[in-house]
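Below is the file protein.txt, which contains compact mmCIF, C-alpha atoms.
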# COMPACT_ATOMS: atom_id res chain seq x y z
CA MET S 20 219.42 38.67 -112.37
CA LYS S 21 216.24 38.94 -114.42
CA LYS S 22 214.22 36.88 -111.96
CA LYS S 23 215.30 39.04 -109.03
CA ALA S 24 214.45 42.23 -110.92
CA PHE S 25 211.05 40.83 -111.88
CA GLN S 26 210.30 39.90 -108.28
CA ALA S 27 211.26 43.39 -107.15
CA ALA S 28 209.27 45.14 -109.87
CA PHE S 29 206.05 43.11 -109.78
CA PRO S 30 204.62 44.34 -106.42
CA TYR S 31 204.99 47.98 -107.48
CA THR S 32 202.95 47.34 -110.60
CA LEU S 33 200.01 45.65 -108.83
CA PRO S 34 198.03 48.84 -108.18
CA ILE S 35 198.66 49.83 -111.79
CA CYS S 36 197.40 46.40 -112.83
CA ALA S 37 194.02 47.02 -111.19
CA GLY S 38 193.74 50.50 -112.67
CA PHE S 39 194.89 49.55 -116.17
CA LEU S 40 192.66 46.48 -116.40
CA PHE S 41 189.68 48.60 -115.45
CA LEU S 42 190.48 51.63 -117.62
CA GLY S 43 191.68 49.41 -120.47
CA MET S 44 188.41 47.52 -120.33
CA SER S 45 186.37 50.73 -120.48
CA TYR S 46 188.48 51.73 -123.45
CA GLY S 47 187.99 48.36 -125.21
CA LEU S 48 184.25 48.54 -124.55
CA LEU S 49 184.13 52.09 -125.87
CA MET S 50 185.92 51.10 -129.08
CA LYS S 51 183.59 48.13 -129.53
CA SER S 52 180.54 50.33 -128.95
CA LYS S 53 181.78 52.64 -131.72
CA GLY S 54 181.81 49.67 -134.07
CA PHE S 55 185.53 48.78 -134.13
CA SER S 56 186.76 45.20 -134.07
CA LEU S 57 188.91 43.79 -131.29
CA PHE S 58 191.96 44.39 -133.44
CA TYR S 59 191.76 48.20 -133.16
CA PRO S 60 191.96 48.64 -129.38
CA MET S 61 194.60 45.89 -129.22
CA VAL S 62 196.94 47.44 -131.78
CA MET S 63 196.32 50.99 -130.51
CA SER S 64 197.17 49.95 -126.97
CA MET S 65 200.34 48.29 -128.21
CA VAL S 66 201.66 51.09 -130.41
CA ILE S 67 200.28 54.24 -128.75
CA PHE S 68 200.27 53.14 -125.10
CA ALA S 69 199.04 56.48 -123.76
CA GLY S 70 195.67 56.00 -122.11
CA SER S 71 194.04 59.41 -122.31
CA MET S 72 195.19 59.91 -125.91
CA GLU S 73 193.71 56.55 -126.90
CA PHE S 74 190.32 57.64 -125.60
CA VAL S 75 190.64 60.83 -127.62
CA THR S 76 191.72 58.82 -130.68
CA ALA S 77 188.53 56.75 -130.42
CA ASN S 78 186.69 60.03 -131.07
CA LEU S 79 189.07 61.12 -133.83
CA LEU S 80 188.47 57.83 -135.66
CA VAL S 81 184.77 58.53 -135.95
CA SER S 82 185.19 62.17 -137.05
CA ALA S 83 186.47 63.63 -140.32
CA PHE S 84 189.93 62.45 -141.51
CA HIS S 85 192.54 64.97 -140.40
CA PRO S 86 195.90 63.35 -139.56
CA LEU S 87 197.80 66.61 -138.97
CA HIS S 88 195.19 67.73 -136.48
CA ALA S 89 195.50 64.32 -134.80
CA PHE S 90 199.29 64.71 -134.68
CA PHE S 91 199.24 68.18 -133.11
CA LEU S 92 196.50 67.26 -130.68
CA THR S 93 198.69 64.32 -129.60
CA LEU S 94 201.70 66.59 -129.09
CA MET S 95 199.60 68.84 -126.89
CA VAL S 96 197.90 66.11 -124.87
CA ASN S 97 201.16 64.21 -124.41
CA ALA S 98 203.37 67.26 -123.95
CA ARG S 99 203.82 66.18 -120.34
CA HIS S 100 205.95 63.27 -121.58
CA LEU S 101 208.55 65.80 -122.69
CA PHE S 102 209.04 66.65 -119.07
CA TYR S 103 209.00 63.07 -117.92
CA GLY S 104 211.79 62.55 -120.44
CA ILE S 105 213.72 65.50 -119.07
CA SER S 106 213.46 64.02 -115.56
CA MET S 107 214.57 60.60 -116.76
CA LEU S 108 217.59 61.72 -118.81
CA GLY S 109 219.90 60.56 -116.02
CA LYS S 110 218.12 57.37 -114.98
CA TYR S 111 217.80 55.96 -118.50
CA LYS S 112 221.46 56.66 -119.23
CA ASN S 113 223.69 53.73 -120.22
CA MET S 114 220.80 51.28 -120.56
CA GLY S 115 221.75 50.05 -124.03
CA TRP S 116 218.91 48.45 -126.01
CA LYS S 117 216.64 48.63 -122.97
CA LYS S 118 216.66 52.42 -123.22
CA LEU S 119 214.63 52.39 -126.45
CA TYR S 120 211.83 50.35 -124.91
CA LEU S 121 211.97 52.29 -121.63
CA ILE S 122 211.39 55.53 -123.55
CA PHE S 123 208.77 53.99 -125.85
CA GLY S 124 206.77 52.71 -122.86
CA MET S 125 207.11 55.79 -120.66
CA CYS S 126 203.43 56.28 -119.78
CA ASP S 127 202.46 58.28 -116.68
CA GLU S 128 202.38 55.21 -114.44
CA SER S 129 205.67 53.64 -115.59
CA PHE S 130 207.30 57.04 -115.26
CA SER S 131 206.00 57.56 -111.73
CA ILE S 132 207.41 54.21 -110.54
CA ASN S 133 210.72 54.40 -112.41
CA CYS S 134 211.25 57.98 -111.32
CA THR S 135 210.55 57.48 -107.62
CA VAL S 136 211.36 53.87 -106.73
CA ASP S 137 214.92 52.75 -106.07
CA PRO S 138 215.24 49.01 -106.58
CA PRO S 139 216.49 47.12 -103.51
CA PRO S 140 220.27 46.52 -103.31
CA GLY S 141 221.50 43.73 -105.52
CA VAL S 142 218.73 44.25 -108.08
CA ASP S 143 219.74 45.48 -111.53
CA ARG S 144 218.14 48.88 -112.13
CA GLY S 145 217.87 48.41 -115.90
CA TRP S 146 215.95 45.14 -115.67
CA PHE S 147 213.84 46.49 -112.81
CA MET S 148 212.71 49.49 -114.88
CA LEU S 149 212.24 47.30 -117.95
CA PHE S 150 209.90 44.94 -116.07
CA VAL S 151 207.93 47.85 -114.58
CA THR S 152 207.40 49.24 -118.09
CA LEU S 153 206.70 45.88 -119.71
CA LEU S 154 204.24 44.71 -117.03
CA ASN S 155 202.28 47.98 -117.28
CA HIS S 156 202.23 47.67 -121.08
CA ILE S 157 200.91 44.09 -120.78
CA TYR S 158 198.19 45.12 -118.29
CA TRP S 159 197.01 47.90 -120.57
CA VAL S 160 196.83 45.77 -123.73
CA THR S 161 195.15 42.95 -121.79
CA GLY S 162 192.57 45.36 -120.38
CA SER S 163 191.67 46.77 -123.81
CA VAL S 164 191.35 43.29 -125.31
CA LEU S 165 189.21 42.06 -122.40
CA GLY S 166 186.98 45.12 -122.75
CA ALA S 167 186.49 44.58 -126.46
CA LEU S 168 185.79 40.85 -125.85
CA LEU S 169 183.26 41.82 -123.21
CA GLY S 170 181.63 43.99 -125.86
CA TYR S 171 181.21 40.94 -128.09
CA ALA S 172 180.00 38.65 -125.32
CA VAL S 173 177.56 40.84 -123.47
CA ARG S 174 174.56 42.29 -125.21
CA ILE S 175 173.93 45.25 -122.99
CA ASP S 176 173.12 48.78 -124.08
CA MET S 177 176.47 50.57 -124.03
CA THR S 178 175.08 54.03 -124.85
CA GLY S 179 176.87 56.54 -122.68
CA ILE S 180 180.07 54.51 -122.06
CA ASP S 181 181.92 57.49 -123.63
CA PHE S 182 181.45 59.24 -120.34
CA ALA S 183 184.27 57.10 -118.91
CA MET S 184 186.64 59.47 -120.71
CA THR S 185 184.94 62.60 -119.33
CA ALA S 186 184.98 61.07 -115.85
CA LEU S 187 188.67 60.18 -116.19
CA PHE S 188 189.59 63.76 -117.06
CA LEU S 189 187.34 65.19 -114.34
CA VAL S 190 189.08 62.96 -111.80
CA MET S 191 192.52 63.99 -113.07
CA PHE S 192 191.41 67.63 -112.98
CA THR S 193 190.19 67.27 -109.37
CA ASP S 194 193.42 65.54 -108.30
CA GLN S 195 195.56 68.23 -109.90
CA TRP S 196 193.38 70.98 -108.46
CA GLU S 197 193.94 69.69 -104.93
CA LYS S 198 197.66 69.23 -105.45
CA THR S 199 198.41 72.92 -106.01
CA ARG S 200 197.36 76.31 -104.70
CA ASN S 201 197.99 78.03 -108.02
CA HIS S 202 194.87 77.30 -110.06
CA LYS S 203 195.70 79.72 -112.88
CA PRO S 204 197.11 77.10 -115.28
CA ALA S 205 194.05 74.85 -114.83
CA LEU S 206 191.69 77.81 -115.25
CA THR S 207 193.66 78.97 -118.31
CA GLY S 208 193.04 75.56 -119.88
CA LEU S 209 189.32 75.62 -119.12
CA GLY S 210 188.84 79.29 -120.03
CA CYS S 211 190.80 79.36 -123.31
CA SER S 212 189.14 76.15 -124.51
CA ALA S 213 185.63 77.27 -123.56
CA ALA S 214 186.16 80.64 -125.27
CA CYS S 215 187.55 78.98 -128.42
CA LEU S 216 184.68 76.47 -128.43
CA ALA S 217 182.21 79.36 -128.38
CA VAL S 218 184.04 81.22 -131.15
CA PHE S 219 185.16 78.42 -133.48
CA GLY S 220 182.54 75.71 -132.85
CA SER S 221 183.05 72.11 -131.76
CA GLY S 222 184.75 70.98 -134.98
CA ASN S 223 187.59 73.50 -135.08
CA PHE S 224 188.37 74.71 -131.61
CA ILE S 225 191.25 72.46 -130.51
CA LEU S 226 194.13 74.06 -132.45
CA PRO S 227 193.15 77.64 -131.53
CA SER S 228 192.69 76.50 -127.92
CA MET S 229 196.21 75.06 -127.82
CA ALA S 230 197.72 78.24 -129.27
CA CYS S 231 195.71 80.39 -126.88
CA ILE S 232 196.73 78.25 -123.86
CA ILE S 233 200.44 78.41 -124.67
CA LEU S 234 200.32 82.19 -125.24
CA CYS S 235 198.40 82.80 -122.00
CA LEU S 236 200.74 80.56 -120.02
CA LEU S 237 203.82 82.28 -121.43
CA ALA S 238 202.29 85.70 -120.74
CA ASN S 239 201.69 84.70 -117.12
CA ARG S 240 205.09 83.15 -116.66
CA LYS S 241 206.28 85.66 -114.09
CA THR S 242 203.30 85.29 -111.73
CA ASN S 243 203.01 81.52 -112.19
CA ASP S 244 206.69 80.99 -111.59
CA LYS S 245 206.56 83.18 -108.50
CA GLU S 246 203.56 81.35 -107.04
CA ALA S 247 205.13 78.00 -107.81
CA GLY S 248 208.17 79.18 -105.91
CA GLU S 249 206.11 80.08 -102.85
CA GLN S 250 204.58 76.64 -102.49
CA MET G 30 186.77 56.95 -142.35
CA THR G 31 188.22 54.24 -144.55
CA THR G 32 190.56 51.63 -143.07
CA ILE G 33 193.57 53.37 -144.61
CA GLN G 34 192.49 56.68 -143.06
CA SER G 35 192.05 55.00 -139.66
CA VAL G 36 195.51 53.45 -139.92
CA LEU G 37 197.01 56.83 -140.84
CA THR G 38 195.22 58.53 -137.94
CA ILE G 39 196.49 55.89 -135.50
CA ALA G 40 199.99 56.23 -136.99
CA ALA G 41 199.85 60.02 -136.55
CA VAL G 42 198.86 59.63 -132.90
CA ALA G 43 201.55 57.00 -132.30
CA ALA G 44 204.16 59.21 -134.01
CA GLY G 45 203.09 62.23 -131.94
CA THR G 46 203.30 60.21 -128.73
CA MET G 47 206.73 58.85 -129.61
CA LEU G 48 207.97 62.33 -130.50
CA THR G 49 206.98 63.62 -127.05
CA ARG G 50 208.71 60.66 -125.39
CA PHE G 51 211.92 60.56 -127.42
CA LEU G 52 212.54 64.25 -128.08
CA PRO G 53 214.18 65.10 -124.72
CA PHE G 54 216.63 62.23 -125.13
CA ILE G 55 217.50 63.44 -128.65
CA LEU G 56 217.71 67.15 -127.74
CA PHE G 57 219.55 66.79 -124.46
CA PRO G 58 222.11 64.03 -124.71
CA GLU G 59 224.00 63.52 -121.49
CA GLY G 60 224.39 66.59 -119.33
CA LYS G 61 222.77 69.37 -121.41
CA THR G 62 220.11 71.34 -119.51
CA PRO G 63 216.81 72.39 -121.17
CA PRO G 64 215.97 76.16 -121.36
CA ALA G 65 213.95 77.70 -118.54
CA CYS G 66 210.97 78.43 -120.79
CA ILE G 67 210.57 74.69 -121.56
CA THR G 68 210.92 73.72 -117.93
CA TYR G 69 208.25 76.29 -117.07
CA LEU G 70 205.80 75.01 -119.71
CA GLY G 71 206.45 71.51 -118.45
CA LYS G 72 205.32 72.57 -115.02
CA VAL G 73 202.10 74.37 -116.00
CA LEU G 74 200.99 72.72 -119.25
CA PRO G 75 199.75 69.46 -117.64
CA TYR G 76 197.21 71.44 -115.59
CA ALA G 77 195.99 73.46 -118.56
CA VAL G 78 195.74 70.48 -120.90
CA ILE G 79 193.49 68.51 -118.56
CA GLY G 80 191.20 71.57 -118.45
CA MET G 81 191.19 71.59 -122.24
CA LEU G 82 190.36 67.88 -122.35
CA VAL G 83 187.41 68.38 -120.01
CA ILE G 84 186.01 70.97 -122.44
CA TYR G 85 186.85 68.66 -125.36
CA CYS G 86 184.72 65.90 -123.80
CA LEU G 87 181.79 68.26 -123.33
CA LYS G 88 182.09 70.00 -126.70
CA ASP G 89 178.86 68.64 -128.16
CA SER G 90 176.89 68.38 -124.94
CA PHE G 91 175.56 71.91 -124.82
CA SER G 92 174.27 72.03 -128.38
CA ASN G 93 172.07 68.92 -128.24
CA GLY G 94 168.52 68.70 -126.87
CA SER G 95 169.34 67.84 -123.27
CA TYR G 96 171.29 71.07 -122.52
CA ALA G 97 174.09 68.96 -121.00
CA PHE G 98 171.88 68.00 -118.05
CA PRO G 99 173.12 64.35 -117.89
CA GLU G 100 176.77 65.41 -118.38
CA VAL G 101 176.64 68.10 -115.71
CA THR G 102 174.78 65.86 -113.24
CA ALA G 103 177.10 62.87 -113.70
CA GLY G 104 180.12 65.18 -113.81
CA ILE G 105 179.32 66.86 -110.49
CA PHE G 106 178.57 63.44 -109.01
CA THR G 107 181.97 62.14 -110.20
CA ILE G 108 183.84 65.12 -108.71
CA MET G 109 181.95 64.96 -105.39
CA LEU G 110 182.45 61.22 -105.05
CA HIS G 111 186.12 61.66 -105.87
CA LYS G 112 186.58 64.42 -103.29
CA TRP G 113 184.87 62.20 -100.73
CA ARG G 114 186.39 58.74 -101.35
CA LYS G 115 189.56 59.61 -103.34
CA ASN G 116 189.19 56.37 -105.26
CA THR G 117 189.84 56.91 -108.97
CA LEU G 118 188.27 53.69 -110.18
CA LEU G 119 185.16 54.13 -108.02
CA SER G 120 184.67 57.73 -109.17
CA ILE G 121 185.02 56.88 -112.86
CA GLY G 122 182.95 53.70 -112.62
CA ALA G 123 180.07 55.17 -110.63
CA GLY G 124 180.03 58.41 -112.66
CA THR G 125 179.87 56.49 -115.93
CA VAL G 126 177.12 54.16 -114.69
CA LEU G 127 175.06 57.14 -113.52
CA TYR G 128 175.53 58.83 -116.90
CA MET G 129 174.57 55.68 -118.80
CA PHE G 130 171.48 55.28 -116.63
CA LEU G 131 170.41 58.90 -117.20
CA ILE G 132 170.99 58.92 -120.94
CA GLN G 133 169.40 55.54 -121.57
CA ASN G 134 166.28 56.17 -119.52
CA TYR G 135 165.53 59.87 -119.61
CA PHE G 136 167.18 61.49 -122.64
Mind turning the file's structure into structure tokens?
Amino acid sequence: MKKKAFQAAFPYTLPICAGFLFLGMSYGLLMKSKGFSLFYPMVMSMVIFAGSMEFVTANLLVSAFHPLHAFFLTLMVNARHLFYGISMLGKYKNMGWKKLYLIFGMCDESFSINCTVDPPPGVDRGWFMLFVTLLNHIYWVTGSVLGALLGYAVRIDMTGIDFAMTALFLVMFTDQWEKTRNHKPALTGLGCSAACLAVFGSGNFILPSMACIILCLLANRKTNDKEAGEQ
Amino acid sequence: MTTIQSVLTIAAVAAGTMLTRFLPFILFPEGKTPPACITYLGKVLPYAVIGMLVIYCLKDSFSNGSYAFPEVTAGIFTIMLHKWRKNTLLSIGAGTVLYMFLIQNYF
């Protein structure tokens, strides 16, 4: 039963494998270039397993110590998982011990496969989803470790590797922009954050930005909901 | 940061991530539906947060000596390349290499 589920799950994870090895390696390299040992990206990829937040954490680790700020920033950045969870309430039902790991490892990519792919007949859904999640987790940890190792092995000037994070978010922003006609939420994010950056300065603008974004989004609920309905 | 502070920061991030992943399953055990306001935020927040993260990445770029020239150049290049080829890895890879080249040689 397990073998069949693995064979069904593996092909779906191959594109994720390429992406995670590459992004994980940039992340490992970035951590190494900031002076962290191999151990840091490895453990962070194991226990956090949320790509964009790990890039942000690399920055947090070299700024002033502020765990509450880190916690709330994480809630905001990963708020989308709340809604992945809401969509998976039904599919993860009755999975026993597997459910805990399925929820723990519910990154964007595992979610997108588990939410949309129906395993072929005769394949156990629980094991299928478990292997999807586990394989993605393994790719991500492997990528980060390889990247950090590369940082030890290769003596090249890594100045500017941080831009991988900026590029990642720009690409996500572009993808999202093209997926919808209602650009107000995206512009609200940009606008509120830019305004708060100007007012509060680069050290203190994240919390006010988050508050400002939520208030603006709630205030525009009627129009946003209506436009979402028209699409 | 000391090692203990780093560990605490990582723990805070891990705890925050787990809270966002587990909370729906704790709040809505079988069959309960979430309120409309939460469903709405779930729809629009992902767009807004990525916008916020873009600004977060550029937060120190405009106050240093280069006036964000390398960031803006490599950023526009990344977006253009992505609109053209639609290949995430290519866009991120090429954008980062361009940025590294600019910052290491001209700034």
### Query
What gap, in Å, lies between CA of Ser120 (chain G) and CA of Leu74 (chain G)?
24.3 Å
### Query
Contacts of Leu82 (chain G) at 8 Å or less, counting only C-alpha atoms, minus same-chain residues fewer than 4 places along, as a PyMOL selection string?
(chain S and resi 188) or (chain G and resi 78+86)
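Among the candidate residues S:Gly145, S:Asn201, S:Met72, S:Met114, the one lying nearest to Phe91 (chain S) is S:Met72, with distances computed using only C-alpha atoms.
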I'd like the contact shell of Met81 (chain G) - 6 Å cut-off, only C-alpha atoms, skipping same-chain residues fewer than 6 positions apart - returned as a short mmCIF file (atom, residue, chain, number, x, y, z; two decimals) with C-alpha atoms, keeping the file's coordinate frame.
data_model
loop_
_atom_site.label_atom_id
_atom_site.label_comp_id
_atom_site.auth_asym_id
_atom_site.auth_seq_id
_atom_site.Cartn_x
_atom_site.Cartn_y
_atom_site.Cartn_z
CA GLY S 208 193.04 75.56 -119.88
CA LEU S 209 189.32 75.62 -119.12
CA SER S 212 189.14 76.15 -124.51
#
## Note on the structure
Of S:Ala83, S:Leu40, S:Ala24, S:Ala205, the one nearest to Leu118 (chain G) when counting all atoms listed in the file is S:Leu40
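A straight line drawn from CA of Gly179 (chain S) to CA of Met50 (chain S) is 12.3 Å long.
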### Task
Determine the nearest neighbour of chain G from the options S:Val173, S:Val136, S:Leu33, S:Ala89, counting all atoms listed in the file.
S:Ala89
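If you look at CA of Ser221 (chain S) and CA of Lys88 (chain G), they are 5.6 Å away from each other.
Residue nearest chain S, chosen from G:Val83, G:Ile55, G:Ile33, G:Ala65 and counting all atoms listed in the file: G:Val83.
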For region 125-131 of chain S, I'd like the enclosing box, axis-aligned and padded by 8 Å on every side, reported as AutoDock Vina command-line options with centre and edge lengths in Å to one decimal.
--center_x 204.8 --center_y 56.0 --center_z -116.2 --size_x 20.9 --size_y 20.6 --size_z 24.9
For region 110-124 of chain G in the structure I just supplied, write out N, CA, C and O atoms - as a JSON list (two decimals), in the first residue's frame.
[["chain", "number", "residue", "atom", "x", "y", "z"],
["G", 110, "LEU", "N", 11.57, 39.74, -17.25],
["G", 110, "LEU", "CA", 11.95, 38.39, -17.65],
["G", 110, "LEU", "C", 10.84, 37.42, -17.28],
["G", 110, "LEU", "O", 10.51, 36.51, -18.03],
["G", 111, "HIS", "N", 10.23, 37.65, -16.10],
["G", 111, "HIS", "CA", 9.20, 36.74, -15.65],
["G", 111, "HIS", "C", 7.94, 36.86, -16.50],
["G", 111, "HIS", "O", 7.27, 35.88, -16.80],
["G", 112, "LYS", "N", 7.61, 38.10, -16.89],
["G", 112, "LYS", "CA", 6.44, 38.30, -17.76],
["G", 112, "LYS", "C", 6.67, 37.64, -19.12],
["G", 112, "LYS", "O", 5.75, 37.12, -19.73],
["G", 113, "TRP", "N", 7.94, 37.66, -19.56],
["G", 113, "TRP", "CA", 8.27, 37.12, -20.87],
["G", 113, "TRP", "C", 8.33, 35.60, -20.86],
["G", 113, "TRP", "O", 7.63, 34.93, -21.61],
["G", 114, "ARG", "N", 9.14, 35.01, -19.96],
["G", 114, "ARG", "CA", 9.38, 33.57, -20.00],
["G", 114, "ARG", "C", 8.50, 32.77, -19.04],
["G", 114, "ARG", "O", 8.42, 31.55, -19.18],
["G", 115, "LYS", "N", 7.94, 33.42, -18.01],
["G", 115, "LYS", "CA", 7.09, 32.73, -17.03],
["G", 115, "LYS", "C", 7.81, 31.56, -16.36],
["G", 115, "LYS", "O", 7.21, 30.52, -16.08],
["G", 116, "ASN", "N", 9.11, 31.71, -16.17],
["G", 116, "ASN", "CA", 9.88, 30.63, -15.55],
["G", 116, "ASN", "C", 10.45, 31.15, -14.22],
["G", 116, "ASN", "O", 11.41, 31.92, -14.20],
["G", 117, "THR", "N", 9.83, 30.72, -13.12],
["G", 117, "THR", "CA", 10.18, 31.25, -11.81],
["G", 117, "THR", "C", 11.68, 31.15, -11.51],
["G", 117, "THR", "O", 12.31, 32.12, -11.10],
["G", 118, "LEU", "N", 12.23, 29.95, -11.74],
["G", 118, "LEU", "CA", 13.64, 29.75, -11.38],
["G", 118, "LEU", "C", 14.55, 30.64, -12.22],
["G", 118, "LEU", "O", 15.50, 31.22, -11.71],
["G", 119, "LEU", "N", 14.23, 30.74, -13.52],
["G", 119, "LEU", "CA", 15.04, 31.58, -14.41],
["G", 119, "LEU", "C", 14.97, 33.04, -13.96],
["G", 119, "LEU", "O", 16.00, 33.72, -13.87],
["G", 120, "SER", "N", 13.77, 33.52, -13.64],
["G", 120, "SER", "CA", 13.61, 34.92, -13.26],
["G", 120, "SER", "C", 14.40, 35.23, -11.98],
["G", 120, "SER", "O", 15.10, 36.24, -11.91],
["G", 121, "ILE", "N", 14.26, 34.35, -10.99],
["G", 121, "ILE", "CA", 14.96, 34.60, -9.72],
["G", 121, "ILE", "C", 16.47, 34.48, -9.91],
["G", 121, "ILE", "O", 17.23, 35.34, -9.46],
["G", 122, "GLY", "N", 16.89, 33.43, -10.62],
["G", 122, "GLY", "CA", 18.32, 33.21, -10.83],
["G", 122, "GLY", "C", 18.97, 34.36, -11.58],
["G", 122, "GLY", "O", 19.96, 34.95, -11.12],
["G", 123, "ALA", "N", 18.40, 34.72, -12.73],
["G", 123, "ALA", "CA", 19.00, 35.76, -13.56],
["G", 123, "ALA", "C", 18.95, 37.12, -12.86],
["G", 123, "ALA", "O", 19.91, 37.90, -12.89],
["G", 124, "GLY", "N", 17.82, 37.42, -12.18],
["G", 124, "GLY", "CA", 17.71, 38.68, -11.46],
["G", 124, "GLY", "C", 18.76, 38.80, -10.37],
["G", 124, "GLY", "O", 19.38, 39.85, -10.19]]
